[in-house]
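Asker: This is final.cif, which holds mmCIF, C-alpha atoms:
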data_entry
#
loop_
_atom_site.label_atom_id
_atom_site.label_comp_id
_atom_site.auth_asym_id
_atom_site.auth_seq_id
_atom_site.Cartn_x
_atom_site.Cartn_y
_atom_site.Cartn_z
CA MET F 9 0.00 0.00 0.00
CA SER F 10 2.96 2.32 0.44
CA PHE F 11 2.74 3.47 -3.17
CA LEU F 12 -0.60 5.00 -2.29
CA LYS F 13 0.90 7.02 0.53
CA LEU F 14 0.79 10.76 0.32
CA SER F 15 2.28 13.45 2.56
CA CYS F 16 0.03 16.23 3.88
CA LYS F 17 2.00 18.81 1.96
CA LYS F 18 1.48 16.93 -1.29
CA ALA F 19 -2.16 16.17 -0.47
CA THR F 20 -3.07 19.80 0.17
CA GLU F 21 -1.20 20.76 -2.99
CA MET F 22 -3.29 18.25 -4.91
CA VAL F 23 -6.45 19.75 -3.44
CA GLU F 24 -5.53 22.92 -5.34
CA GLN F 25 -4.31 21.09 -8.42
CA GLU F 26 -7.61 19.26 -8.72
CA LYS F 27 -9.46 22.56 -9.00
CA ILE F 28 -7.34 23.59 -11.96
CA GLU F 29 -6.62 20.43 -13.92
CA SER F 30 -7.87 16.90 -13.60
CA LEU F 31 -5.82 14.43 -11.55
CA SER F 32 -4.68 11.08 -12.85
CA PHE F 33 -6.69 8.09 -11.66
CA VAL F 34 -3.94 7.00 -9.25
CA ASP F 35 -3.61 10.50 -7.83
CA LYS F 36 -7.34 10.71 -7.34
CA VAL F 37 -7.32 7.48 -5.34
CA LYS F 38 -4.32 8.60 -3.34
CA LEU F 39 -5.94 11.90 -2.45
CA LYS F 40 -9.24 10.33 -1.56
CA LEU F 41 -7.56 7.80 0.70
CA HIS F 42 -5.46 10.43 2.40
CA LEU F 43 -8.39 12.75 3.01
CA SER F 44 -10.47 9.91 4.41
CA VAL F 45 -8.01 9.43 7.27
CA CYS F 46 -6.39 12.85 7.73
CA LYS F 47 -8.42 15.36 9.77
CA ALA F 48 -5.94 18.19 9.30
CA CYS F 49 -6.08 17.92 5.52
CA GLN F 50 -9.87 17.65 5.51
CA ASN F 51 -9.75 20.82 7.49
CA TYR F 52 -7.45 22.46 4.94
CA LYS F 53 -9.80 21.47 2.14
CA LYS F 54 -12.74 23.07 3.91
CA GLN F 55 -10.82 26.27 4.57
CA SER F 56 -9.57 26.38 1.01
CA LEU F 57 -13.15 26.13 -0.19
CA LEU F 58 -14.18 28.92 2.12
CA ILE F 59 -11.48 31.18 0.65
CA ASP F 60 -12.71 30.26 -2.85
CA GLU F 61 -16.21 31.20 -1.83
CA PHE F 62 -15.02 34.50 -0.48
CA PHE F 63 -13.35 35.34 -3.78
CA SER F 64 -16.25 34.30 -5.94
CA LYS F 65 -18.70 36.07 -3.71
CA THR F 66 -16.82 39.34 -3.76
CA ASN F 67 -15.61 38.79 -7.32
CA ASN F 68 -14.29 42.29 -7.86
CA ASP F 69 -17.54 43.79 -6.75
CA PRO F 70 -17.06 46.90 -4.63
CA GLU F 71 -20.59 46.50 -3.29
CA THR F 72 -19.84 43.21 -1.57
CA GLU F 73 -16.16 43.35 -0.81
CA HIS F 74 -15.00 44.97 2.35
CA PHE F 75 -12.41 47.70 1.94
CA HIS F 76 -11.32 50.74 3.82
CA ILE F 77 -12.42 54.10 2.39
CA GLU F 78 -9.71 56.69 2.41
CA GLU F 79 -10.02 60.32 1.37
CA ASN F 80 -7.59 61.65 -1.16
CA PRO F 81 -8.28 65.37 -1.75
CA HIS F 82 -5.00 65.82 -3.56
CA LEU F 83 -5.96 63.26 -6.16
CA LYS F 84 -9.35 64.91 -6.56
CA GLU F 85 -7.71 68.24 -7.32
CA THR F 86 -5.25 66.71 -9.76
CA ILE F 87 -7.99 65.03 -11.74
CA ILE F 88 -10.20 68.13 -11.90
CA LYS F 89 -7.22 70.19 -13.01
CA LYS F 90 -6.40 67.69 -15.73
CA ILE F 91 -9.97 67.66 -16.97
CA ASN F 92 -10.05 71.44 -17.13
CA GLU F 93 -6.75 71.43 -19.01
CA THR F 94 -8.16 69.20 -21.71
CA GLN F 95 -11.00 71.70 -22.04
CA SER F 96 -8.93 74.77 -22.74
CA MET N 17 -18.24 70.32 -24.69
CA ASN N 18 -21.33 71.52 -22.97
CA LYS N 19 -20.56 73.37 -19.76
CA ASN N 20 -23.29 71.54 -17.90
CA ILE N 21 -21.82 68.19 -18.75
CA ASN N 22 -18.44 69.45 -17.70
CA ASN N 23 -19.82 70.48 -14.33
CA GLN N 24 -21.58 67.19 -14.02
CA PHE N 25 -18.34 65.37 -14.61
CA THR N 26 -16.48 67.45 -12.04
CA GLU N 27 -19.18 66.53 -9.60
CA TRP N 28 -18.60 62.84 -10.31
CA VAL N 29 -14.94 63.34 -9.55
CA ASN N 30 -15.92 64.94 -6.26
CA ILE N 31 -18.34 62.19 -5.35
CA TYR N 32 -16.56 59.09 -6.58
CA SER N 33 -12.81 59.66 -6.63
CA ASP N 34 -12.33 58.65 -2.99
CA ILE N 35 -14.19 55.38 -3.29
CA LEU N 36 -12.52 54.57 -6.61
CA TYR N 37 -9.13 55.38 -5.17
CA SER N 38 -9.76 53.28 -2.04
CA TRP N 39 -10.85 50.35 -4.18
CA ALA N 40 -7.80 50.63 -6.43
CA TYR N 41 -5.56 50.83 -3.39
CA HIS N 42 -7.29 47.83 -1.87
CA LYS N 43 -6.61 45.90 -5.08
CA THR N 44 -3.03 46.98 -5.71
CA SER N 45 -1.65 47.79 -2.23
CA ASN N 46 0.26 50.64 -3.80
CA LYS N 47 -0.74 54.29 -3.37
CA GLU N 48 1.01 55.70 -6.43
CA ILE N 49 -0.31 52.96 -8.68
CA ALA N 50 -3.82 53.43 -7.26
CA GLU N 51 -3.67 57.18 -7.91
CA ASP N 52 -2.43 56.66 -11.46
CA ILE N 53 -5.12 54.12 -12.21
CA VAL N 54 -7.89 56.38 -10.89
CA GLN N 55 -6.59 59.32 -12.92
CA GLU N 56 -6.52 57.16 -16.03
CA THR N 57 -10.03 55.96 -15.26
CA PHE N 58 -11.47 59.47 -15.09
CA MET N 59 -9.59 60.57 -18.18
CA ALA N 60 -10.85 57.57 -20.11
CA ALA N 61 -14.37 58.16 -18.83
CA PHE N 62 -14.22 61.81 -19.81
CA LYS N 63 -13.10 60.96 -23.32
CA SER N 64 -15.88 58.45 -23.78
CA LEU N 65 -18.66 60.43 -22.13
CA ASN N 66 -20.63 60.04 -25.35
CA ASN N 67 -20.92 56.32 -24.64
CA PHE N 68 -22.40 56.87 -21.24
CA LYS N 69 -26.11 56.49 -21.02
CA PHE N 70 -27.31 59.07 -18.59
CA ASP N 71 -30.00 56.82 -17.25
CA SER N 72 -27.44 54.36 -15.89
CA GLN N 73 -25.40 54.66 -12.74
CA PRO N 74 -22.19 56.68 -13.15
CA LYS N 75 -20.68 54.74 -10.25
CA THR N 76 -21.16 51.38 -11.95
CA TRP N 77 -19.80 52.76 -15.19
CA LEU N 78 -16.70 54.25 -13.54
CA PHE N 79 -16.06 51.05 -11.59
CA SER N 80 -16.19 48.95 -14.73
CA ILE N 81 -13.55 51.17 -16.34
CA LEU N 82 -11.49 51.07 -13.16
CA ASN N 83 -11.64 47.28 -12.87
CA ASN N 84 -10.39 46.94 -16.44
CA LYS N 85 -7.49 49.21 -15.60
CA ILE N 86 -6.70 47.13 -12.51
CA ILE N 87 -6.65 43.95 -14.58
CA ASP N 88 -4.34 45.68 -17.07
CA TYR N 89 -2.07 46.52 -14.19
CA TYR N 90 -2.08 42.88 -13.03
CA ARG N 91 -1.14 41.82 -16.53
CA LYS N 92 1.65 44.31 -16.84
CA SER N 93 3.17 43.50 -13.48
CA ALA N 94 2.89 39.78 -14.15
CA LYS N 95 5.17 40.25 -17.13
CA ASN N 96 7.78 41.62 -14.78
CA ILE N 97 7.80 38.53 -12.59
CA VAL N 98 10.89 36.69 -13.63
CA ASN N 99 12.43 35.25 -10.52
CA THR N 100 11.18 34.67 -7.05
CA THR N 101 10.93 38.00 -5.33
CA LYS N 102 12.38 38.73 -1.91
CA ASP N 103 9.05 39.05 -0.15
CA GLU N 104 8.03 35.80 -1.72
CA GLN N 105 11.04 34.06 -0.20
CA VAL N 106 10.07 35.22 3.29
CA PHE N 107 6.54 33.94 2.84
CA MET N 108 7.78 30.70 1.31
CA LYS N 109 9.78 30.04 4.45
CA ALA N 110 6.70 30.62 6.59
CA THR N 111 4.52 28.27 4.56
CA ASP N 112 7.29 25.65 4.43
CA GLU N 113 7.41 25.65 8.20
CA LEU N 114 3.83 24.40 8.33
CA PHE N 115 5.17 20.99 7.29
CA ASN N 116 8.06 18.92 8.61
CA SER N 117 10.63 17.23 6.41
CA ASP N 118 8.28 14.29 5.80
CA GLY N 119 5.63 16.69 4.56
CA HIS N 120 3.36 16.26 7.57
CA TRP N 121 1.75 19.15 9.41
CA THR N 122 4.15 20.42 12.07
CA ASN N 123 1.39 21.62 14.29
CA THR N 124 -0.71 18.57 14.86
CA SER N 125 -3.32 20.37 16.92
CA LEU N 126 -6.16 21.06 14.55
CA SER N 127 -6.52 24.67 13.63
CA THR N 128 -10.16 24.97 12.72
CA TRP N 129 -11.92 28.26 12.26
CA GLN N 130 -14.86 28.55 14.58
CA ASP N 131 -18.35 28.79 13.23
CA GLU N 132 -17.08 27.86 9.77
CA GLU N 133 -20.56 27.51 8.28
CA HIS N 134 -21.38 31.16 8.71
CA LEU N 135 -17.96 32.73 8.52
CA LEU N 136 -18.57 34.64 5.32
CA ASP N 137 -21.51 36.39 6.92
CA ASN N 138 -19.21 37.56 9.66
CA GLN N 139 -18.06 41.10 8.89
CA ASP N 140 -15.02 40.88 11.16
CA PHE N 141 -13.87 37.72 9.47
CA ASN N 142 -14.30 39.27 6.02
CA THR N 143 -12.24 42.26 7.12
CA VAL N 144 -9.43 40.04 8.38
CA LEU N 145 -9.47 37.96 5.23
CA SER N 146 -9.37 41.07 3.03
CA LEU N 147 -6.42 42.42 5.00
CA CYS N 148 -4.63 39.09 4.76
CA ILE N 149 -5.14 39.00 0.99
CA GLY N 150 -3.67 42.50 0.79
CA LYS N 151 -0.55 41.30 2.57
CA LEU N 152 0.22 38.44 0.18
CA PRO N 153 3.33 38.77 -1.99
CA ASN N 154 2.32 40.45 -5.21
CA ASN N 155 2.53 37.52 -7.58
CA TRP N 156 0.70 35.10 -5.28
CA ARG N 157 -1.98 37.68 -5.06
CA LEU N 158 -2.03 38.11 -8.82
CA ALA N 159 -2.32 34.34 -9.21
CA ILE N 160 -5.17 33.99 -6.76
CA GLU N 161 -7.05 37.13 -7.79
CA SER N 162 -6.95 36.25 -11.47
CA LYS N 163 -8.26 32.78 -10.68
CA TYR N 164 -11.61 34.30 -9.87
CA GLN N 165 -11.83 36.66 -12.79
CA LYS N 166 -14.83 35.95 -14.89
CA ASP N 167 -14.32 34.57 -18.39
CA LYS N 168 -10.83 33.46 -17.72
CA ASN N 169 -9.48 29.94 -17.69
CA ALA N 170 -6.34 28.59 -16.06
CA SER N 171 -4.28 28.30 -19.22
CA GLU N 172 -4.89 31.95 -20.09
CA ILE N 173 -3.87 33.00 -16.61
CA CYS N 174 -0.69 30.91 -16.77
CA LYS N 175 0.14 32.52 -20.07
CA GLU N 176 -0.38 35.97 -18.65
CA LEU N 177 1.60 35.23 -15.51
CA ASN N 178 4.20 33.51 -17.64
CA ILE N 179 4.20 30.36 -15.49
CA THR N 180 3.51 26.68 -16.02
CA SER N 181 0.31 25.12 -14.79
CA SER N 182 2.09 23.28 -11.97
CA ASN N 183 3.69 26.52 -10.85
CA TYR N 184 0.25 28.02 -10.90
CA TRP N 185 -1.45 25.63 -8.51
CA GLN N 186 1.62 25.56 -6.31
CA MET N 187 1.33 29.33 -6.06
CA ILE N 188 -2.36 29.07 -5.19
CA HIS N 189 -1.49 26.42 -2.60
CA ARG N 190 1.10 28.69 -0.99
CA ALA N 191 -1.23 31.66 -1.08
CA LYS N 192 -3.94 29.65 0.70
CA LEU N 193 -1.49 28.39 3.31
CA GLN N 194 -0.33 31.93 3.94
CA LEU N 195 -3.93 33.11 4.27
CA LYS N 196 -4.47 30.28 6.76
CA ILE N 197 -1.49 31.44 8.82
CA CYS N 198 -2.62 35.05 8.67
CA ILE N 199 -6.22 34.29 9.58
CA GLU N 200 -5.24 32.12 12.52
CA LYS N 201 -2.96 34.87 13.76
CA ASN N 202 -5.39 37.74 13.37
CA TRP N 203 -8.83 36.35 13.79
CA THR N 204 -10.11 35.16 17.10
CA ASN N 205 -13.75 34.56 17.50
#
For this file, write the structure as structure tokens.

Answerer:
Amino acid sequence: MSFLKLSCKKATEMVEQEKIESLSFVDKVKLKLHLSVCKACQNYKKQSLLIDEFFSKTNNDPETEHFHIEENPHLKETIIKKINETQS
Amino acid sequence: MNKNINNQFTEWVNIYSDILYSWAYHKTSNKEIAEDIVQETFMAAFKSLNNFKFDSQPKTWLFSILNNKIIDYYRKSAKNIVNTTKDEQVFMKATDELFNSDGHWTNTSLSTWQDEEHLLDNQDFNTVLSLCIGKLPNNWRLAIESKYQKDKNASEICKELNITSSNYWQMIHRAKLQLKICIEKNWTN
């Protein structure tokens, strides 16, 4: 059975690989086996999914993503000046 | 150009430049870049005012221009990634330390995030996660952010980032591990 053994580092890497390209049959079995016995990697998989969800939920949408609003009066002035310059 | 429209546009700058700037800064973690991108956005908007339908939301319109500019910036900076950067090396060390030489988790005590089911409804958690994403080394961030861009598949992203597919998921893996470290350090329920 040792050929089916997988380290946690490799297993968590394969969790990400699987989302991007398909795994070979052997790799699929290896990963499945590993996840079935390894709590820490199951946990990683869940957390990875949660991060995915966060990204797809916010998906570059300023309405849903949390970010800090900062005032930048200098920038405001610069832009208005530039616009007026293009006018004259 | 009609003076009224000109005034209208100046008003948009007054109303929206702060939020556009904050968003650009949030996405690029670089003040100068964010300022440049917002300037370019308004200039581009001004030039194409004819295309704007005045019954639609100026904010949505400006944000769509801005987001395109941000993606352009990602593309441009991805081309400059040749070797591993210094900040990346520091983070690589941190993520390596999560595993021992056999590749098993060093810290065997399970680090679960409490209340996992509802975490994304938790504003504090979202704030921490956003901050942690902002702290990622630039190219990990590029890799992970572009993964969730609409209409984009992995091979296109790899091409843009100039990396192989295995490099790509390894980068995502490292980025996720780093987010895990950062969340566990900064978020306590």

Asker: Starting from the shown file, work through the PyMOL selection byres ((chain F and resi 87-94) around 8) and note down what comes out as a VMD selection string.

Answerer: (chain F and resid 83 to 86 95 to 96) or (chain N and resid 26 29 55 58 to 59 62)

Asker: On this structure, which residues satisfy the PyMOL selection byres ((chain F) within 7 of (chain N)), written as a PyMOL selection string?

Answerer: chain F and resi 15-17+21+24-25+28+48+51+56+62-64+67+74-80+83-84+87-88

Asker: Limited to C-alpha atoms, could you put the picked residues into a file as a short mmCIF file (atom, residue, chain, number, x, y, z; two decimals), in the coordinates of the input?

Answerer:
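And here's again22.cif as it stands now:
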data_model
loop_
_atom_site.label_atom_id
_atom_site.label_comp_id
_atom_site.auth_asym_id
_atom_site.auth_seq_id
_atom_site.Cartn_x
_atom_site.Cartn_y
_atom_site.Cartn_z
CA SER F 15 2.28 13.45 2.56
CA CYS F 16 0.03 16.23 3.88
CA LYS F 17 2.00 18.81 1.96
CA GLU F 21 -1.20 20.76 -2.99
CA GLU F 24 -5.53 22.92 -5.34
CA GLN F 25 -4.31 21.09 -8.42
CA ILE F 28 -7.34 23.59 -11.96
CA ALA F 48 -5.94 18.19 9.30
CA ASN F 51 -9.75 20.82 7.49
CA SER F 56 -9.57 26.38 1.01
CA PHE F 62 -15.02 34.50 -0.48
CA PHE F 63 -13.35 35.34 -3.78
CA SER F 64 -16.25 34.30 -5.94
CA ASN F 67 -15.61 38.79 -7.32
CA HIS F 74 -15.00 44.97 2.35
CA PHE F 75 -12.41 47.70 1.94
CA HIS F 76 -11.32 50.74 3.82
CA ILE F 77 -12.42 54.10 2.39
CA GLU F 78 -9.71 56.69 2.41
CA GLU F 79 -10.02 60.32 1.37
CA ASN F 80 -7.59 61.65 -1.16
CA LEU F 83 -5.96 63.26 -6.16
CA LYS F 84 -9.35 64.91 -6.56
CA ILE F 87 -7.99 65.03 -11.74
CA ILE F 88 -10.20 68.13 -11.90
#

Asker: Rounded to one decimal place, report the CA of Lys201 (chain N)-CA of Met22 (chain F) distance in Å.

Answerer: 25.0 Å

Asker: Can you turn the PyMOL selection byres ((chain F and resi 37) around 12) into a concrete residue list for this file, as JSON, numbers by chain?

Answerer: {"F": [9, 11, 12, 13, 14, 19, 22, 31, 32, 33, 34, 35, 36, 38, 39, 40, 41, 42, 43, 44]}

Asker: What's the separation between CA of Val23 (chain F) and CA of Cys148 (chain N), in Å to one decimal place?

Answerer: 21.1 Å

Asker: By how many Å are CA of Met108 (chain N) and CA of Asp69 (chain F) apart?

Answerer: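 A separation of 29.6 Å between them.
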
Asker: Could you write region 50-82 of chain F as a CSV table (one decimal), in the frame of the given file, with N, CA and C atoms rebuilt where they are missing?

Answerer:
chain,number,residue,atom,x,y,z
F,50,GLN,N,-8.4,17.4,5.7
F,50,GLN,CA,-9.9,17.6,5.5
F,50,GLN,C,-10.2,19.1,5.9
F,51,ASN,N,-9.6,19.5,7.0
F,51,ASN,CA,-9.8,20.8,7.5
F,51,ASN,C,-9.2,21.9,6.5
F,52,TYR,N,-8.0,21.6,5.9
F,52,TYR,CA,-7.4,22.5,4.9
F,52,TYR,C,-8.4,22.6,3.7
F,53,LYS,N,-8.9,21.5,3.3
F,53,LYS,CA,-9.8,21.5,2.1
F,53,LYS,C,-11.0,22.4,2.4
F,54,LYS,N,-11.6,22.3,3.6
F,54,LYS,CA,-12.7,23.1,3.9
F,54,LYS,C,-12.4,24.6,3.9
F,55,GLN,N,-11.2,24.9,4.5
F,55,GLN,CA,-10.8,26.3,4.6
F,55,GLN,C,-10.5,26.8,3.2
F,56,SER,N,-9.9,26.0,2.4
F,56,SER,CA,-9.6,26.4,1.0
F,56,SER,C,-10.8,26.7,0.2
F,57,LEU,N,-11.9,25.9,0.5
F,57,LEU,CA,-13.2,26.1,-0.2
F,57,LEU,C,-13.8,27.4,0.3
F,58,LEU,N,-13.6,27.7,1.6
F,58,LEU,CA,-14.2,28.9,2.1
F,58,LEU,C,-13.5,30.2,1.5
F,59,ILE,N,-12.2,30.1,1.3
F,59,ILE,CA,-11.5,31.2,0.6
F,59,ILE,C,-12.0,31.3,-0.8
F,60,ASP,N,-12.1,30.2,-1.5
F,60,ASP,CA,-12.7,30.3,-2.8
F,60,ASP,C,-14.1,31.0,-2.9
F,61,GLU,N,-14.9,30.6,-1.9
F,61,GLU,CA,-16.2,31.2,-1.8
F,61,GLU,C,-16.1,32.7,-1.6
F,62,PHE,N,-15.2,33.1,-0.7
F,62,PHE,CA,-15.0,34.5,-0.5
F,62,PHE,C,-14.7,35.2,-1.8
F,63,PHE,N,-13.7,34.7,-2.5
F,63,PHE,CA,-13.4,35.3,-3.8
F,63,PHE,C,-14.5,35.4,-4.8
F,64,SER,N,-15.2,34.3,-4.9
F,64,SER,CA,-16.2,34.3,-5.9
F,64,SER,C,-17.4,35.1,-5.5
F,65,LYS,N,-17.6,35.2,-4.2
F,65,LYS,CA,-18.7,36.1,-3.7
F,65,LYS,C,-18.4,37.5,-4.0
F,66,THR,N,-17.2,37.9,-3.6
F,66,THR,CA,-16.8,39.3,-3.8
F,66,THR,C,-16.5,39.7,-5.2
F,67,ASN,N,-15.9,38.7,-5.9
F,67,ASN,CA,-15.6,38.8,-7.3
F,67,ASN,C,-15.5,40.2,-7.9
F,68,ASN,N,-14.5,40.9,-7.4
F,68,ASN,CA,-14.3,42.3,-7.9
F,68,ASN,C,-15.5,43.2,-7.8
F,69,ASP,N,-16.4,43.0,-6.9
F,69,ASP,CA,-17.5,43.8,-6.8
F,69,ASP,C,-17.4,44.7,-5.5
F,70,PRO,N,-17.3,46.0,-5.8
F,70,PRO,CA,-17.1,46.9,-4.6
F,70,PRO,C,-18.3,46.9,-3.7
F,71,GLU,N,-19.4,46.5,-4.2
F,71,GLU,CA,-20.6,46.5,-3.3
F,71,GLU,C,-20.5,45.4,-2.2
F,72,THR,N,-19.8,44.3,-2.5
F,72,THR,CA,-19.8,43.2,-1.6
F,72,THR,C,-18.5,43.1,-0.8
F,73,GLU,N,-17.5,43.6,-1.4
F,73,GLU,CA,-16.2,43.4,-0.8
F,73,GLU,C,-15.9,44.4,0.2
F,74,HIS,N,-15.3,44.0,1.3
F,74,HIS,CA,-15.0,45.0,2.4
F,74,HIS,C,-13.7,45.7,2.1
F,75,PHE,N,-13.7,47.0,2.0
F,75,PHE,CA,-12.4,47.7,1.9
F,75,PHE,C,-12.5,49.0,2.6
F,76,HIS,N,-11.4,49.5,3.0
F,76,HIS,CA,-11.3,50.7,3.8
F,76,HIS,C,-11.4,52.0,2.9
F,77,ILE,N,-12.3,52.9,3.2
F,77,ILE,CA,-12.4,54.1,2.4
F,77,ILE,C,-11.5,55.2,2.9
F,78,GLU,N,-10.7,55.7,2.0
F,78,GLU,CA,-9.7,56.7,2.4
F,78,GLU,C,-9.9,57.9,1.5
F,79,GLU,N,-9.9,59.1,2.2
F,79,GLU,CA,-10.0,60.3,1.4
F,79,GLU,C,-8.7,60.7,0.7
F,80,ASN,N,-8.8,61.2,-0.5
F,80,ASN,CA,-7.6,61.6,-1.2
F,80,ASN,C,-7.9,63.0,-1.9
F,81,PRO,N,-7.9,64.1,-1.1
F,81,PRO,CA,-8.3,65.4,-1.8
F,81,PRO,C,-7.3,65.8,-2.8
F,82,HIS,N,-6.0,65.4,-2.6
F,82,HIS,CA,-5.0,65.8,-3.6
F,82,HIS,C,-5.3,65.2,-4.9
